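Shown next: target_3.cif, given as mmCIF, C-alpha atoms.
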```
data_structure
loop_
_atom_site.group_PDB
_atom_site.id
_atom_site.type_symbol
_atom_site.label_atom_id
_atom_site.label_comp_id
_atom_site.auth_asym_id
_atom_site.auth_seq_id
_atom_site.Cartn_x
_atom_site.Cartn_y
_atom_site.Cartn_z
ATOM 1 C CA MET A 1 -43.560 -12.231 -31.497
ATOM 2 C CA PHE A 2 -42.352 -13.478 -28.127
ATOM 3 C CA GLN A 3 -38.740 -13.643 -29.365
ATOM 4 C CA VAL A 4 -38.888 -10.017 -30.584
ATOM 5 C CA TYR A 5 -40.008 -8.755 -27.156
ATOM 6 C CA ARG A 6 -37.496 -11.001 -25.421
ATOM 7 C CA LYS A 7 -34.636 -9.560 -27.486
ATOM 8 C CA GLN A 8 -35.874 -5.981 -26.930
ATOM 9 C CA PHE A 9 -36.100 -6.578 -23.175
ATOM 10 C CA GLY A 10 -32.517 -7.882 -23.180
ATOM 11 C CA ILE A 11 -31.277 -4.768 -24.980
ATOM 12 C CA GLU A 12 -33.101 -2.432 -22.581
ATOM 13 C CA SER A 13 -31.783 -4.372 -19.575
ATOM 14 C CA LEU A 14 -28.240 -4.135 -20.921
ATOM 15 C CA TYR A 15 -28.414 -0.338 -21.146
ATOM 16 C CA ARG A 16 -30.020 -0.036 -17.717
ATOM 17 C CA MET A 17 -27.276 -2.202 -16.168
ATOM 18 C CA LYS A 18 -24.574 -0.298 -18.046
ATOM 19 C CA ASN A 19 -25.803 2.967 -16.548
ATOM 20 C CA ARG A 20 -25.691 1.496 -13.026
ATOM 21 C CA THR A 21 -22.011 0.589 -13.268
ATOM 22 C CA LYS A 22 -20.857 3.466 -15.448
ATOM 23 C CA VAL A 23 -18.210 5.730 -13.958
ATOM 24 C CA ARG A 24 -19.091 9.395 -14.033
ATOM 25 C CA THR A 25 -16.229 11.393 -15.467
ATOM 26 C CA SER A 26 -15.615 14.777 -16.974
ATOM 27 C CA SER A 27 -12.632 13.515 -18.948
ATOM 28 C CA ARG A 28 -12.715 14.145 -22.680
ATOM 29 C CA ASP A 29 -10.096 11.455 -23.339
ATOM 30 C CA PRO A 30 -11.856 8.793 -25.436
ATOM 31 C CA LYS A 31 -9.398 6.087 -24.363
ATOM 32 C CA LEU A 32 -10.149 6.637 -20.693
ATOM 33 C CA ARG A 33 -13.896 6.750 -21.312
ATOM 34 C CA TYR A 34 -13.659 3.538 -23.328
ATOM 35 C CA LEU A 35 -11.670 1.891 -20.526
ATOM 36 C CA TYR A 36 -14.395 2.832 -18.031
ATOM 37 C CA THR A 37 -17.049 1.361 -20.320
ATOM 38 C CA VAL A 38 -15.123 -1.891 -20.739
ATOM 39 C CA VAL A 39 -14.569 -2.236 -16.979
ATOM 40 C CA SER A 40 -18.252 -1.508 -16.400
ATOM 41 C CA MET A 41 -19.288 -4.281 -18.794
ATOM 42 C CA MET A 42 -16.783 -6.705 -17.241
ATOM 43 C CA VAL A 43 -18.252 -6.091 -13.774
ATOM 44 C CA LYS A 44 -21.756 -6.684 -15.086
ATOM 45 C CA ASN A 45 -20.738 -9.851 -16.941
ATOM 46 C CA PHE A 46 -18.984 -11.175 -13.823
ATOM 47 C CA TRP A 47 -22.230 -10.702 -11.873
ATOM 48 C CA VAL A 48 -24.212 -12.502 -14.581
ATOM 49 C CA MET A 49 -21.699 -15.380 -14.548
ATOM 50 C CA LEU A 50 -21.918 -15.685 -10.745
ATOM 51 C CA ARG A 51 -25.705 -15.756 -10.885
ATOM 52 C CA TRP A 52 -25.726 -18.318 -13.672
ATOM 53 C CA ASN A 53 -23.260 -20.627 -11.904
ATOM 54 C CA TYR A 54 -24.283 -20.280 -8.256
ATOM 55 C CA PHE A 55 -27.880 -19.055 -8.057
ATOM 56 C CA CYS A 56 -29.670 -21.585 -10.226
ATOM 57 C CA PRO A 57 -31.350 -24.453 -8.396
ATOM 58 C CA LEU A 58 -30.104 -27.908 -9.317
ATOM 59 C CA ARG A 59 -32.969 -29.554 -11.156
ATOM 60 C CA ARG A 60 -33.809 -31.145 -14.427
ATOM 61 C CA GLY A 61 -34.731 -28.985 -17.363
ATOM 62 C CA PRO A 62 -33.572 -25.525 -18.332
ATOM 63 C CA LYS A 63 -31.705 -23.373 -15.835
ATOM 64 C CA LYS A 64 -33.721 -20.698 -14.093
ATOM 65 C CA ILE A 65 -31.946 -18.010 -12.087
ATOM 66 C CA GLU A 66 -33.415 -17.160 -8.689
ATOM 67 C CA THR A 67 -33.379 -13.398 -9.219
ATOM 68 C CA SER A 68 -34.274 -12.473 -5.651
ATOM 69 C CA LEU A 69 -31.208 -14.167 -4.125
ATOM 70 C CA PHE A 70 -28.331 -12.083 -5.457
ATOM 71 C CA ARG A 71 -29.380 -8.600 -6.562
ATOM 72 C CA PHE A 72 -27.010 -6.378 -8.514
ATOM 73 C CA GLU A 73 -26.880 -3.808 -5.696
ATOM 74 C CA GLU A 74 -25.709 -6.534 -3.282
ATOM 75 C CA PHE A 75 -23.027 -7.570 -5.735
ATOM 76 C CA LEU A 76 -21.810 -3.995 -6.185
ATOM 77 C CA ASN A 77 -21.642 -3.548 -2.411
ATOM 78 C CA LEU A 78 -19.583 -6.747 -1.998
ATOM 79 C CA PHE A 79 -17.397 -5.792 -4.947
ATOM 80 C CA TRP A 80 -16.751 -2.324 -3.490
ATOM 81 C CA GLN A 81 -15.899 -3.756 -0.047
ATOM 82 C CA ALA A 82 -13.432 -6.214 -1.590
ATOM 83 C CA PHE A 83 -11.910 -3.391 -3.641
ATOM 84 C CA GLN A 84 -11.475 -1.249 -0.509
ATOM 85 C CA ARG A 85 -9.812 -4.100 1.400
ATOM 86 C CA ARG A 86 -7.529 -5.013 -1.501
ATOM 87 C CA PHE A 87 -6.294 -1.466 -2.120
ATOM 88 C CA LYS A 88 -6.455 -0.363 1.548
ATOM 89 C CA ILE A 89 -8.779 2.576 0.952
ATOM 90 C CA LYS A 90 -9.394 4.632 4.096
ATOM 91 C CA ARG A 91 -12.965 5.067 5.215
ATOM 92 C CA TYR A 92 -12.190 7.917 7.563
ATOM 93 C CA THR A 93 -9.823 10.807 8.076
ATOM 94 C CA ILE A 94 -8.274 12.314 11.189
ATOM 95 C CA ALA A 95 -9.595 15.752 12.081
ATOM 96 C CA LEU A 96 -7.549 18.292 14.046
ATOM 97 C CA ARG A 97 -10.663 19.646 15.786
ATOM 98 C CA PRO A 98 -13.767 17.929 17.148
ATOM 99 C CA VAL A 99 -16.440 17.336 14.515
ATOM 100 C CA ARG A 100 -19.975 18.364 15.509
#
```
Take the structure in the file and give it back as structure tokens.
Amino acid sequence: MFQVYRKQFGIESLYRMKNRTKVRTSSRDPKLRYLYTVVSMMVKNFWVMLRWNYFCPLRRGPKKIETSLFRFEEFLNLFWQAFQRRFKIKRYTIALRPVR
């Protein structure tokens, strides 16, 4: 019974995580929508890999991830900052009049 609930929890977690990284688009092009889905899953899998490799204490026995150390929101924030630096995305614009 435990294995059934464990598998169900994994499936529900997968969909919840997919919705967090999913790009919102109004495009009807299935290729573009599929590309967004694939990129979304790659980002999530990269986060899981980082947690598995760097946020498990070194000890004997099975690995246990310290879930409180590297939350998904933190990862997305770091990922977005790196993306902005890499592609030189502006965070501001120049106004011709004073902004109140």
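Residues selected in this file by the PyMOL selection byres ((chain A and resi 50) around 12) comprise Val43, Lys44, Asn45, Phe46, Trp47, Val48, Met49, Arg51, Trp52, Asn53, Tyr54, Phe55, Cys56, Ile65, Glu66, Thr67, Leu69, Phe70, Arg71, Phe72 and Phe75 of chain A.
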Distance in Å - CA of Glu74 in chain A versus CA of Leu35 in chain A: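 Answer for the CA of Glu74 in chain A to CA of Leu35 in chain A separation: 23.8 Å.
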Interatomic distance, CA of Phe87 in chain A to CA of Met42 in chain A (Å, one decimal):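 Computing the Euclidean distance for CA of Phe87 in chain A and CA of Met42 in chain A yields 19.1 Å.
Between CA of Leu32 in chain A and CA of Arg91 in chain A the separation is 26.1 Å.
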